[in-house]
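Asker: Have a peek at query.tsv (TSV, C-alpha atoms).
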chain	number	residue	atom	x	y	z
A	18	MET	CA	172.44	70.02	146.42
A	19	LYS	CA	172.22	73.51	147.90
A	20	ILE	CA	169.90	76.23	146.59
A	21	SER	CA	168.25	79.48	147.70
A	22	ILE	CA	164.82	80.53	146.42
A	23	GLU	CA	162.52	83.43	147.22
A	24	ARG	CA	159.52	82.16	149.19
A	25	ALA	CA	156.79	83.33	146.74
A	26	ALA	CA	158.45	81.59	143.77
A	27	LEU	CA	158.98	78.42	145.80
A	28	LEU	CA	155.38	78.40	147.04
A	29	LYS	CA	154.02	78.73	143.50
A	30	ALA	CA	156.18	75.83	142.25
A	31	VAL	CA	155.49	73.53	145.19
A	32	SER	CA	151.73	74.22	145.27
A	33	GLN	CA	151.40	73.17	141.63
A	34	ALA	CA	153.38	69.99	142.40
A	35	GLN	CA	151.53	68.99	145.56
A	36	SER	CA	148.11	69.33	143.91
A	37	VAL	CA	149.05	66.62	141.39
A	38	VAL	CA	150.20	64.23	144.13
A	39	GLU	CA	147.53	61.77	145.29
A	40	ARG	CA	146.92	61.99	149.05
A	41	ARG	CA	146.59	58.22	149.50
A	42	ASN	CA	149.51	56.42	147.98
A	43	THR	CA	150.60	52.81	148.05
A	44	ILE	CA	153.88	53.83	146.38
A	45	PRO	CA	155.76	56.17	148.77
A	46	ILE	CA	157.83	57.89	146.06
A	47	LEU	CA	154.63	59.19	144.41
A	48	ALA	CA	153.97	61.36	147.47
A	49	ASN	CA	157.25	63.15	146.80
A	50	VAL	CA	158.32	66.04	144.60
A	51	LEU	CA	161.56	65.65	142.66
A	52	ILE	CA	163.73	68.76	143.08
A	53	GLU	CA	166.49	69.19	140.49
A	54	ALA	CA	168.94	72.12	140.60
A	55	GLU	CA	171.29	73.12	137.82
A	56	GLY	CA	172.68	76.40	136.41
A	57	ASP	CA	170.42	79.12	137.78
A	58	THR	CA	167.21	77.07	137.76
A	59	ALA	CA	165.44	74.68	140.10
A	60	SER	CA	162.75	72.40	138.75
A	61	PHE	CA	160.01	70.72	140.79
A	62	ARG	CA	158.48	67.59	139.28
A	63	ALA	CA	155.47	65.64	140.59
A	64	THR	CA	153.42	62.80	139.13
A	65	ASP	CA	150.59	60.39	139.90
A	66	LEU	CA	151.64	58.22	136.90
A	67	ASP	CA	148.79	59.71	134.80
A	68	ILE	CA	149.74	63.39	135.07
A	69	GLU	CA	153.18	64.91	135.38
A	70	VAL	CA	153.86	68.56	136.14
A	71	VAL	CA	157.26	70.25	136.00
A	72	ASP	CA	157.60	73.77	137.36
A	73	LYS	CA	160.87	75.64	136.74
A	74	THR	CA	161.84	78.65	138.80
A	75	ALA	CA	164.88	80.90	139.15
A	76	ALA	CA	167.19	79.96	142.03
A	77	VAL	CA	170.67	80.63	143.33
A	78	VAL	CA	172.30	77.21	142.91
A	79	GLU	CA	175.39	76.87	145.12
A	80	ARG	CA	175.65	73.13	144.64
A	81	PRO	CA	173.74	71.38	141.80
A	82	GLY	CA	172.00	68.10	142.52
A	83	ALA	CA	168.64	66.40	142.98
A	84	THR	CA	166.51	64.82	145.68
A	85	THR	CA	162.89	63.93	146.43
A	86	VAL	CA	160.87	65.02	149.46
A	87	SER	CA	157.22	64.91	150.58
A	88	ALA	CA	155.35	67.41	148.38
A	89	VAL	CA	152.57	68.07	150.90
A	90	THR	CA	154.95	68.60	153.86
A	91	LEU	CA	157.23	70.94	151.90
A	92	HIS	CA	154.20	72.90	150.69
A	93	GLU	CA	152.85	73.28	154.23
A	94	ILE	CA	156.22	74.53	155.51
A	95	VAL	CA	156.69	77.07	152.70
A	96	ARG	CA	153.07	78.24	153.00
A	97	LYS	CA	153.59	79.06	156.69
A	98	LEU	CA	156.84	80.96	156.20
A	99	PRO	CA	156.66	84.78	156.27
A	100	ASP	CA	156.31	86.75	153.02
A	101	GLY	CA	159.59	87.77	151.44
A	102	ALA	CA	161.60	85.07	153.22
A	103	LEU	CA	164.61	83.59	151.44
A	104	VAL	CA	164.41	79.80	151.66
A	105	GLN	CA	167.49	77.62	151.54
A	106	LEU	CA	167.19	73.94	150.58
A	107	SER	CA	170.23	71.75	151.14
A	108	ASP	CA	170.88	68.02	150.92
A	109	ASP	CA	174.34	66.52	151.41
A	110	GLY	CA	173.31	63.30	149.65
A	111	THR	CA	174.33	61.01	152.54
A	112	SER	CA	172.06	61.79	155.51
A	113	GLY	CA	168.73	61.04	153.79
A	114	ARG	CA	167.49	64.46	154.94
A	115	LEU	CA	166.66	67.73	153.20
A	116	GLU	CA	167.35	70.81	155.29
A	117	VAL	CA	164.91	73.70	154.85
A	118	ASN	CA	166.12	76.97	156.38
A	119	ALA	CA	164.43	80.37	156.38
A	120	GLY	CA	165.38	83.06	158.88
A	121	ARG	CA	165.24	81.44	162.31
A	122	SER	CA	163.19	78.45	161.12
A	123	SER	CA	164.89	75.17	160.35
A	124	PHE	CA	163.37	71.87	159.23
A	125	GLN	CA	164.79	68.47	158.35
A	126	LEU	CA	162.69	66.36	156.00
A	127	ALA	CA	163.11	62.71	155.07
A	128	THR	CA	164.11	62.11	151.44
A	129	LEU	CA	163.92	59.20	149.01
A	130	PRO	CA	166.48	58.49	146.24
A	131	ARG	CA	165.88	60.41	143.02
A	132	GLU	CA	166.57	57.21	141.03
A	133	ASP	CA	163.28	55.76	142.31
A	134	PHE	CA	161.25	58.68	140.97
A	135	PRO	CA	159.21	57.69	137.86
A	136	VAL	CA	159.61	60.08	134.93
A	137	MET	CA	156.91	60.00	132.27
A	138	THR	CA	158.26	58.70	128.98
A	139	SER	CA	158.33	61.30	126.25
A	140	SER	CA	156.32	60.54	123.17
A	141	GLU	CA	156.14	61.77	119.60
A	142	TYR	CA	153.40	64.36	119.31
A	143	SER	CA	151.51	64.37	116.02
A	144	ALA	CA	150.28	67.94	116.44
A	145	ASN	CA	152.01	70.97	117.96
A	146	PHE	CA	150.42	74.40	118.12
A	147	SER	CA	150.13	77.40	120.40
A	148	ALA	CA	147.03	79.15	121.71
A	149	LYS	CA	146.42	82.19	123.85
A	150	ALA	CA	145.65	81.45	127.51
A	151	PRO	CA	142.25	83.28	127.50
A	152	ASP	CA	141.09	81.22	124.48
A	153	LEU	CA	141.99	77.90	126.11
A	154	ARG	CA	140.58	79.08	129.43
A	155	ARG	CA	137.24	79.80	127.77
A	156	LEU	CA	137.21	76.39	126.05
A	157	PHE	CA	137.75	74.42	129.24
A	158	ASP	CA	135.96	76.69	131.74
A	159	LYS	CA	132.75	76.68	129.75
A	160	SER	CA	132.73	72.92	129.15
A	161	LYS	CA	134.10	71.32	132.32
A	162	PHE	CA	130.90	71.65	134.39
A	163	ALA	CA	129.26	69.00	132.18
A	164	ILE	CA	131.97	66.34	132.75
A	165	SER	CA	130.44	63.13	134.07
A	166	THR	CA	131.43	61.82	137.50
A	167	GLU	CA	130.05	58.34	136.76
A	168	GLU	CA	133.09	56.05	136.81
A	169	THR	CA	131.36	53.29	134.81
A	170	ARG	CA	131.15	55.60	131.78
A	171	TYR	CA	134.82	56.47	132.07
A	172	TYR	CA	134.95	57.87	128.51
A	173	LEU	CA	132.72	60.76	129.71
A	174	ASN	CA	135.05	61.60	132.64
A	175	GLY	CA	136.83	64.32	130.68
A	176	VAL	CA	136.63	67.00	128.00
A	177	TYR	CA	136.75	65.82	124.38
A	178	MET	CA	139.15	68.16	122.55
A	179	HIS	CA	139.11	67.76	118.77
A	180	VAL	CA	139.04	69.50	115.40
A	181	ALA	CA	135.55	70.22	114.06
A	182	GLN	CA	133.75	72.28	111.47
A	183	GLY	CA	132.25	75.27	113.28
A	184	GLU	CA	129.81	77.90	112.06
A	185	ASP	CA	132.69	80.13	110.94
A	186	GLY	CA	135.05	77.48	109.59
A	187	PRO	CA	137.44	74.94	111.16
A	188	ALA	CA	137.48	75.08	114.94
A	189	LEU	CA	139.24	73.63	117.95
A	190	ARG	CA	136.30	72.26	119.92
A	191	CYS	CA	135.80	71.07	123.49
A	192	VAL	CA	132.76	68.96	124.38
A	193	ALA	CA	131.67	67.50	127.72
A	194	THR	CA	128.49	65.67	128.68
A	195	ASP	CA	127.11	63.47	131.42
A	196	GLY	CA	123.97	62.42	129.59
A	197	HIS	CA	121.83	65.08	131.32
A	198	ARG	CA	123.55	68.20	130.00
A	199	LEU	CA	126.08	68.93	127.30
A	200	ALA	CA	128.49	71.79	126.59
A	201	ARG	CA	130.08	72.42	123.17
A	202	VAL	CA	132.56	75.30	122.89
A	203	ASP	CA	134.57	76.39	119.82
A	204	MET	CA	137.54	78.65	119.11
A	205	PRO	CA	139.16	79.34	115.70
A	206	LEU	CA	141.52	76.49	114.79
A	207	PRO	CA	145.14	77.42	115.65
A	208	GLN	CA	147.79	76.94	112.98
A	209	GLY	CA	149.38	73.50	113.34
A	210	ALA	CA	146.33	71.85	114.90
A	211	GLU	CA	144.81	70.67	111.61
A	212	ASN	CA	145.92	67.02	112.00
A	213	MET	CA	145.36	66.79	115.73
A	214	PRO	CA	143.83	63.50	116.88
A	215	GLY	CA	140.71	63.90	119.01
A	216	VAL	CA	141.56	63.24	122.68
A	217	ILE	CA	139.61	63.04	125.95
A	218	VAL	CA	141.42	65.21	128.52
A	219	PRO	CA	140.74	63.77	132.03
A	220	ARG	CA	138.89	65.78	134.67
A	221	LYS	CA	141.91	66.06	136.99
A	222	THR	CA	144.09	67.32	134.12
A	223	VAL	CA	141.48	69.97	133.25
A	224	GLY	CA	141.64	71.15	136.89
A	225	GLU	CA	145.45	71.32	136.88
A	226	LEU	CA	145.54	73.01	133.47
A	227	ARG	CA	143.34	75.82	134.78
A	228	LYS	CA	146.25	77.02	136.95
A	229	LEU	CA	148.37	77.61	133.83
A	230	LEU	CA	145.77	79.78	132.15
A	231	ASP	CA	145.42	82.76	134.50
A	232	ASP	CA	147.83	85.08	132.70
A	233	ASP	CA	145.97	86.76	129.83
A	234	GLU	CA	149.21	87.58	127.99
A	235	MET	CA	150.52	84.01	128.11
A	236	SER	CA	150.77	81.82	125.04
A	237	ILE	CA	150.39	78.08	125.73
A	238	ALA	CA	152.25	75.49	123.65
A	239	VAL	CA	149.95	72.50	123.12
A	240	SER	CA	151.18	69.10	121.92
A	241	VAL	CA	148.84	66.18	121.23
A	242	SER	CA	149.37	62.50	120.43
A	243	GLU	CA	146.97	59.54	120.48
A	244	THR	CA	147.91	58.75	124.10
A	245	LYS	CA	149.14	62.01	125.65
A	246	VAL	CA	148.53	65.73	125.75
A	247	ARG	CA	150.98	68.39	126.89
A	248	PHE	CA	150.42	72.04	127.80
A	249	ALA	CA	153.49	74.19	128.37
A	250	THR	CA	154.35	77.75	129.38
A	251	PRO	CA	157.98	78.92	129.67
A	252	ASP	CA	157.93	77.90	133.36
A	253	ILE	CA	155.45	75.03	133.69
A	254	THR	CA	154.95	71.86	131.64
A	255	LEU	CA	151.86	69.72	132.27
A	256	THR	CA	151.85	66.31	130.58
A	257	SER	CA	148.90	63.94	130.88
A	258	LYS	CA	147.74	60.62	129.58
A	259	VAL	CA	144.39	60.89	127.80
A	260	ILE	CA	141.37	58.69	128.48
A	261	ASP	CA	141.55	55.52	126.40
A	262	GLY	CA	138.03	55.35	125.02
A	263	THR	CA	135.73	56.60	122.30
A	264	PHE	CA	133.69	59.72	122.95
A	265	PRO	CA	130.07	59.22	121.77
A	266	ASP	CA	128.65	61.03	118.73
A	267	TYR	CA	127.45	64.12	120.59
A	268	THR	CA	126.06	65.78	117.43
A	269	ARG	CA	123.04	63.46	117.58
A	270	VAL	CA	121.81	65.00	120.84
A	271	ILE	CA	122.19	68.66	119.85
A	272	PRO	CA	118.69	69.65	118.69
A	273	MET	CA	118.54	71.50	115.37
A	274	GLY	CA	114.80	72.07	115.00
A	275	ASN	CA	113.94	73.87	118.24
A	276	THR	CA	111.87	76.90	117.20
A	277	ARG	CA	110.34	78.23	120.42
A	278	ARG	CA	112.69	81.03	121.40
A	279	MET	CA	112.95	82.65	124.81
A	280	GLU	CA	115.42	85.44	125.53
A	281	VAL	CA	116.08	86.33	129.15
A	282	ASP	CA	118.55	88.31	131.24
A	283	ALA	CA	120.96	85.52	132.23
A	284	SER	CA	121.85	86.95	135.63
A	285	GLU	CA	118.22	87.63	136.64
A	286	PHE	CA	117.22	84.17	135.43
A	287	ALA	CA	119.96	82.45	137.47
A	288	LYS	CA	119.06	84.37	140.62
A	289	ALA	CA	115.34	83.57	140.23
A	290	VAL	CA	116.05	79.86	139.68
A	291	ASP	CA	118.28	79.85	142.74
A	292	ARG	CA	115.59	81.50	144.88
A	293	VAL	CA	112.70	79.21	143.96
A	294	ALA	CA	114.93	76.10	144.14
A	295	THR	CA	115.47	76.82	147.85
A	296	VAL	CA	112.32	74.82	148.66
A	297	SER	CA	112.82	72.05	146.09
A	298	SER	CA	113.47	68.55	147.37
A	299	GLU	CA	117.15	67.60	147.53
A	300	ARG	CA	116.54	64.48	145.49
A	301	SER	CA	114.85	65.87	142.39
A	302	ARG	CA	115.70	69.61	142.53
A	303	ALA	CA	112.90	70.08	139.99
A	304	VAL	CA	111.88	73.55	138.76
A	305	LYS	CA	108.96	74.12	136.38
A	306	LEU	CA	109.12	76.80	133.68
A	307	SER	CA	105.72	78.03	132.49
A	308	LEU	CA	106.03	80.19	129.38
A	309	ASP	CA	103.41	82.51	127.99
A	310	GLU	CA	103.73	85.63	125.85
A	311	ASP	CA	106.70	87.65	127.20
A	312	ARG	CA	106.26	86.07	130.61
A	313	LEU	CA	108.01	83.26	132.44
A	314	ILE	CA	106.81	81.77	135.72
A	315	LEU	CA	109.33	79.66	137.64
A	316	SER	CA	107.71	77.39	140.19
A	317	VAL	CA	108.61	74.62	142.61
A	318	ASN	CA	106.13	72.39	144.38
A	319	ALA	CA	107.74	70.10	146.95
A	320	PRO	CA	105.13	68.34	149.12
A	321	ASP	CA	107.65	67.90	151.95
A	322	SER	CA	109.03	71.41	152.18
A	323	GLY	CA	106.59	73.82	150.49
A	324	ALA	CA	106.14	75.75	147.25
A	325	ALA	CA	107.66	78.78	145.54
A	326	GLU	CA	106.88	80.89	142.48
A	327	GLU	CA	108.55	83.83	140.74
A	328	GLU	CA	107.65	85.72	137.58
A	329	LEU	CA	110.19	87.11	135.10
A	330	ALA	CA	109.79	89.33	132.04
A	331	VAL	CA	111.21	87.55	128.98
A	332	ALA	CA	111.06	87.87	125.21
A	333	TYR	CA	108.83	84.99	124.08
A	334	GLY	CA	106.21	84.98	121.34
A	335	ASP	CA	105.29	81.32	120.83
A	336	GLU	CA	102.46	79.20	122.18
A	337	LYS	CA	102.27	78.29	125.87
A	338	LEU	CA	104.82	75.80	127.15
A	339	GLU	CA	105.40	74.05	130.46
A	340	ILE	CA	108.72	72.26	130.96
A	341	GLY	CA	110.65	71.02	133.99
A	342	PHE	CA	114.40	70.96	134.69
A	343	ASN	CA	116.85	70.05	137.41
A	344	ALA	CA	117.59	73.44	139.06
A	345	LYS	CA	121.30	72.63	139.47
A	346	TYR	CA	121.68	72.03	135.72
A	347	LEU	CA	119.84	75.25	134.86
A	348	LEU	CA	122.03	77.25	137.23
A	349	GLU	CA	125.26	75.78	135.87
A	350	ILE	CA	124.28	76.50	132.29
A	351	ALA	CA	123.04	80.04	133.04
A	352	SER	CA	126.31	80.81	134.86
A	353	GLN	CA	128.28	80.16	131.65
A	354	VAL	CA	126.76	83.22	129.97
A	355	ASP	CA	129.23	86.12	129.74
A	356	ARG	CA	126.88	88.37	127.83
A	357	GLU	CA	123.74	89.91	129.21
A	358	ASN	CA	121.17	87.68	127.56
A	359	ALA	CA	120.69	83.94	127.34
A	360	VAL	CA	118.65	82.48	124.50
A	361	PHE	CA	116.76	79.25	125.18
A	362	LEU	CA	115.37	77.25	122.27
A	363	PHE	CA	112.61	74.76	123.13
A	364	ASN	CA	110.71	72.19	121.10
A	365	SER	CA	108.34	70.45	123.53
A	366	SER	CA	108.24	69.56	127.22
A	367	GLY	CA	109.86	66.18	126.50
A	368	ASP	CA	112.66	67.25	124.16
A	369	PRO	CA	116.19	68.54	124.91
A	370	THR	CA	116.51	72.33	125.23
A	371	LEU	CA	119.28	74.33	123.62
A	372	MET	CA	120.87	77.40	125.23
A	373	ARG	CA	123.37	79.89	123.82
A	374	GLU	CA	124.62	83.42	124.51
A	375	GLY	CA	122.64	85.86	122.36
A	376	ASN	CA	123.41	85.09	118.70
A	377	ASP	CA	126.83	83.60	119.48
A	378	THR	CA	126.92	80.00	118.26
A	379	SER	CA	130.53	79.31	119.30
A	380	ALA	CA	129.24	78.02	122.66
A	381	VAL	CA	126.03	75.99	122.88
A	382	TYR	CA	124.57	74.03	125.77
A	383	VAL	CA	121.97	71.29	125.86
A	384	VAL	CA	119.96	70.31	128.91
A	385	MET	CA	117.50	67.41	129.18
A	386	PRO	CA	114.08	68.17	130.70
A	387	MET	CA	112.54	66.24	133.56
A	388	ARG	CA	108.95	65.48	134.56
A	389	VAL	CA	107.48	67.82	137.15
Have the structure of the file written as structure tokens, please.
Answerer:
Amino acid sequence: MKISIERAALLKAVSQAQSVVERRNTIPILANVLIEAEGDTASFRATDLDIEVVDKTAAVVERPGATTVSAVTLHEIVRKLPDGALVQLSDDGTSGRLEVNAGRSSFQLATLPREDFPVMTSSEYSANFSAKAPDLRRLFDKSKFAISTEETRYYLNGVYMHVAQGEDGPALRCVATDGHRLARVDMPLPQGAENMPGVIVPRKTVGELRKLLDDDEMSIAVSVSETKVRFATPDITLTSKVIDGTFPDYTRVIPMGNTRRMEVDASEFAKAVDRVATVSSERSRAVKLSLDEDRLILSVNAPDSGAAEEELAVAYGDEKLEIGFNAKYLLEIASQVDRENAVFLFNSSGDPTLMREGNDTSAVYVVMPMRV
């Protein structure tokens, strides 16, 4: 194999590959990226056996072929090369070495046989549809903060993507929860997604997918089966196993009868919560919200470190209410608001609170209160 690739294109392909690779591996081949060159294209494939990413890039292929080399080492080398460099990768197939040449720099990297590299089996996908990158980005960006990190409840360690009935008709919906907060985000159902099985997309896959969604003009081809999900652009294909488990009935925890309505400037609210939480104890991070007519007082009382209080003007016309929250959860939820105002709907100091952006019901958030 002998190919030449422009440094920027190579860096993009290798960085996507090396982020999938697990740093600690008991199987040496899984630390490698499979490089395949044919025609005028080079493809870079990496896997951790749960996720597989293939990144194709234009290359001058002098001699087609394939080899595998350490993804992290290759990435580090390419990253440190000067901008605009032309990188040549060559492997004669007998020495067990890949030569990397760029300008006056030359490296020789150990390779492993391509035959040992595991390729994820293809599966029949029961639903195939395409969606615009900004729509998918919104779905996952606004829900991923609520993914649980508790390994024992493995079925909450991802985003539940499924078809649901939204306020304005059928929707493609993403839901994530860790039991303390919940995010539910909808977009209009794309054509072809009607019979999609509901799947739990793992946390790591959500992180890798985010890198495909930066281009606002890009259309993403999505394929879903009971066991796998695939997201593809013309250059990159990300295939992932889904979490084998049943996502709980989240509709039961979304409150429908919360009538006490507070409207607040989302940015001002987040900054005020952040300020008063500075003195809260690391363990509880508790912030108390005291609501009166058109006035909100945020307060923290931490016996070990001190107290803090800040007043905000809000739109609120119901009876007095005092309710406590974990400051971190409040901040994460407030930071999801793209519009100016956040609307909080309360019931009592012991019931879950609902938050949404103005009158937009396509994204709703639930946060559980805590005693303060």
Asker: With all atoms listed in the file as the basis for distance, which of A:Arg278, A:Glu55, A:Asp152, A:Ser139 is at the shortest distance from Asp233 in chain A?
Answerer: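 The shortest atom-to-atom distance to Asp233 in chain A comes from A:Asp152.
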Asker: Sort by chain and increasing residue number a table of all residues of range 107-185 of chain A within 10 Å of range 197-208 of chain A, each with its closest pair of atoms and their distance in Å to one decimal, counting only C-alpha atoms, and write it as CSV.
Answerer:
residue,atom,partner,partner_atom,distance
A:Ala144,CA,A:Gln208,CA,10.0
A:Asn145,CA,A:Gln208,CA,8.8
A:Phe146,CA,A:Gln208,CA,6.3
A:Ser147,CA,A:Pro207,CA,6.9
A:Ala148,CA,A:Pro207,CA,6.6
A:Lys149,CA,A:Pro207,CA,9.6
A:Asp152,CA,A:Met204,CA,6.9
A:Leu153,CA,A:Met204,CA,8.3
A:Arg155,CA,A:Val202,CA,8.1
A:Leu156,CA,A:Val202,CA,5.7
A:Phe157,CA,A:Val202,CA,8.2
A:Asp158,CA,A:Val202,CA,9.6
A:Lys159,CA,A:Val202,CA,7.0
A:Ser160,CA,A:Ala200,CA,5.1
A:Lys161,CA,A:Ala200,CA,8.0
A:Phe162,CA,A:Ala200,CA,8.2
A:Ala163,CA,A:Leu199,CA,5.8
A:Ile164,CA,A:Leu199,CA,8.4
A:Ser165,CA,A:His197,CA,9.2
A:Val176,CA,A:Ala200,CA,9.5
A:Tyr177,CA,A:Arg201,CA,9.5
A:Met178,CA,A:Val202,CA,9.7
A:His179,CA,A:Asp203,CA,9.8
A:Val180,CA,A:Leu206,CA,7.4
A:Ala181,CA,A:Asp203,CA,8.5
A:Gln182,CA,A:Asp203,CA,9.3
A:Gly183,CA,A:Asp203,CA,7.0
A:Glu184,CA,A:Asp203,CA,9.2
A:Asp185,CA,A:Pro205,CA,8.1
Asker: Would you kindly identify which residues have an atom no farther than 8 Å from (106.2, 76.3, 127.3), using all atoms listed in the file and the file's own coordinates, and write them out as a list of chain:residue names?
Answerer: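 Collected hits near the coordinates: A:Leu306, A:Ser307, A:Leu308, A:Asp309, A:Glu336, A:Lys337, A:Leu338, A:Glu339, A:Ile340, A:Phe363, A:Ser365, A:Ser366.
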Asker: Please write the residues from the selection above to a file, keeping C-alpha atoms, as an mmCIF file, in the coordinates of the input.
Answerer:
data_model
loop_
_atom_site.group_PDB
_atom_site.id
_atom_site.type_symbol
_atom_site.label_atom_id
_atom_site.label_comp_id
_atom_site.auth_asym_id
_atom_site.auth_seq_id
_atom_site.Cartn_x
_atom_site.Cartn_y
_atom_site.Cartn_z
ATOM 1 C CA LEU A 306 109.120 76.800 133.680
ATOM 2 C CA SER A 307 105.720 78.030 132.490
ATOM 3 C CA LEU A 308 106.030 80.190 129.380
ATOM 4 C CA ASP A 309 103.410 82.510 127.990
ATOM 5 C CA GLU A 336 102.460 79.200 122.180
ATOM 6 C CA LYS A 337 102.270 78.290 125.870
ATOM 7 C CA LEU A 338 104.820 75.800 127.150
ATOM 8 C CA GLU A 339 105.400 74.050 130.460
ATOM 9 C CA ILE A 340 108.720 72.260 130.960
ATOM 10 C CA PHE A 363 112.610 74.760 123.130
ATOM 11 C CA SER A 365 108.340 70.450 123.530
ATOM 12 C CA SER A 366 108.240 69.560 127.220
#
Asker: Tell me which residues come within 12 Å of (124.3, 82.6, 123.7), as a ChimeraX atom specification, counting only C-alpha atoms in the file's coordinates.
Answerer: /A:159,200-202,278-283,350-362,371-383
Asker: From the set A:Glu141, A:Phe61, A:Leu28, A:Thr169, which residue has the shortest atom-to-atom contact distance to Val104 in chain A, counting all atoms listed in the file?
Answerer: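 Looking only at the distances to Val104 in chain A, the closest residue turns out to be A:Leu28.
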Asker: Counting all atoms listed in the file, which residue out of A:Glu225, A:Glu132, A:Asp231, A:Glu79 sits closest to Thr58 in chain A?
Answerer: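 Comparing A:Glu225, A:Glu132, A:Asp231, A:Glu79 against Thr58 in chain A, the winner is A:Glu79.
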Asker: When you look at Arg170 in chain A with a cut-off of 12 Å (counting only C-alpha atoms), what residues show up, excluding the ones that are within fewer than 6 positions of it in the same chain? I need them as a list in words.
Answerer: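 Contacts, in chain order: Ile164, Thr194, Asp195, Gly196, Ile260, Asp261, Gly262, Thr263, Phe264 and Pro265 of chain A.
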Asker: Output the selection as a short mmCIF file (atom, residue, chain, number, x, y, z; two decimals), in the coordinates of the input - C-alpha atoms for each residue.
Answerer:
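Saved file again.cif follows:
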data_model
loop_
_atom_site.label_atom_id
_atom_site.label_comp_id
_atom_site.auth_asym_id
_atom_site.auth_seq_id
_atom_site.Cartn_x
_atom_site.Cartn_y
_atom_site.Cartn_z
CA ILE A 164 131.97 66.34 132.75
CA THR A 194 128.49 65.67 128.68
CA ASP A 195 127.11 63.47 131.42
CA GLY A 196 123.97 62.42 129.59
CA ILE A 260 141.37 58.69 128.48
CA ASP A 261 141.55 55.52 126.40
CA GLY A 262 138.03 55.35 125.02
CA THR A 263 135.73 56.60 122.30
CA PHE A 264 133.69 59.72 122.95
CA PRO A 265 130.07 59.22 121.77
#
Asker: At what distance in Å, to one decimal, does CA of Arg62 in chain A lie from CA of Gly175 in chain A?
Answerer: 23.5 Å
Asker: What does the structure give for the distance between CA of Gly82 in chain A and CA of Ala48 in chain A, in Å to one decimal?
Answerer: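 Pair CA of Gly82 in chain A / CA of Ala48 in chain A returns 19.9 Å.
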Asker: As an exercise, work out the distance from CA of Asp335 in chain A to CA of Glu310 in chain A in Å and give it to one decimal place.
Answerer: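 Atom-to-atom, CA of Asp335 in chain A and CA of Glu310 in chain A are spaced 6.8 Å apart.
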Asker: Residues within 6 Å of Leu315 in chain A, please, as an mmCIF file with C-alpha atoms, keeping the file's coordinate frame. Count all atoms listed in the file; anything in the same chain fewer than 4 positions from it doesn't count.
Answerer:
data_model
loop_
_atom_site.group_PDB
_atom_site.id
_atom_site.type_symbol
_atom_site.label_atom_id
_atom_site.label_comp_id
_atom_site.auth_asym_id
_atom_site.auth_seq_id
_atom_site.Cartn_x
_atom_site.Cartn_y
_atom_site.Cartn_z
ATOM 1 C CA LYS A 305 108.960 74.120 136.380
ATOM 2 C CA LEU A 306 109.120 76.800 133.680
ATOM 3 C CA GLU A 326 106.880 80.890 142.480
ATOM 4 C CA GLU A 327 108.550 83.830 140.740
#
Asker: Within 12 Å of Asp108 in chain A, counting all atoms listed in the file, which residues qualify if same-chain residues fewer than 3 places away don't, as a PyMOL selection string?
Answerer: chain A and resi 18-20+52-54+79-86+105+111-118+124-130
Asker: For a quick check of understanding, using all atoms listed in the file, which of A:Met213, A:Ile314, A:Ala150, A:Pro369 has the smallest distance to Ala188 in chain A?
Answerer: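 Of A:Met213, A:Ile314, A:Ala150, A:Pro369, the one nearest Ala188 in chain A, counting all atoms listed in the file, is A:Met213.
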Asker: Between A:Thr370, A:Ser257, A:Asn275, A:Ser297, which is the closest to Lys345 in chain A once you count only C-alpha atoms?
Answerer: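 Comparing A:Thr370, A:Ser257, A:Asn275, A:Ser297 against Lys345 in chain A, the winner is A:Ser297.
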Asker: Would you please work out which residue, of A:Pro151, A:Pro187, A:Gly110, A:Pro386, is nearest to Glu234 in chain A when using only C-alpha atoms?
Answerer: A:Pro151
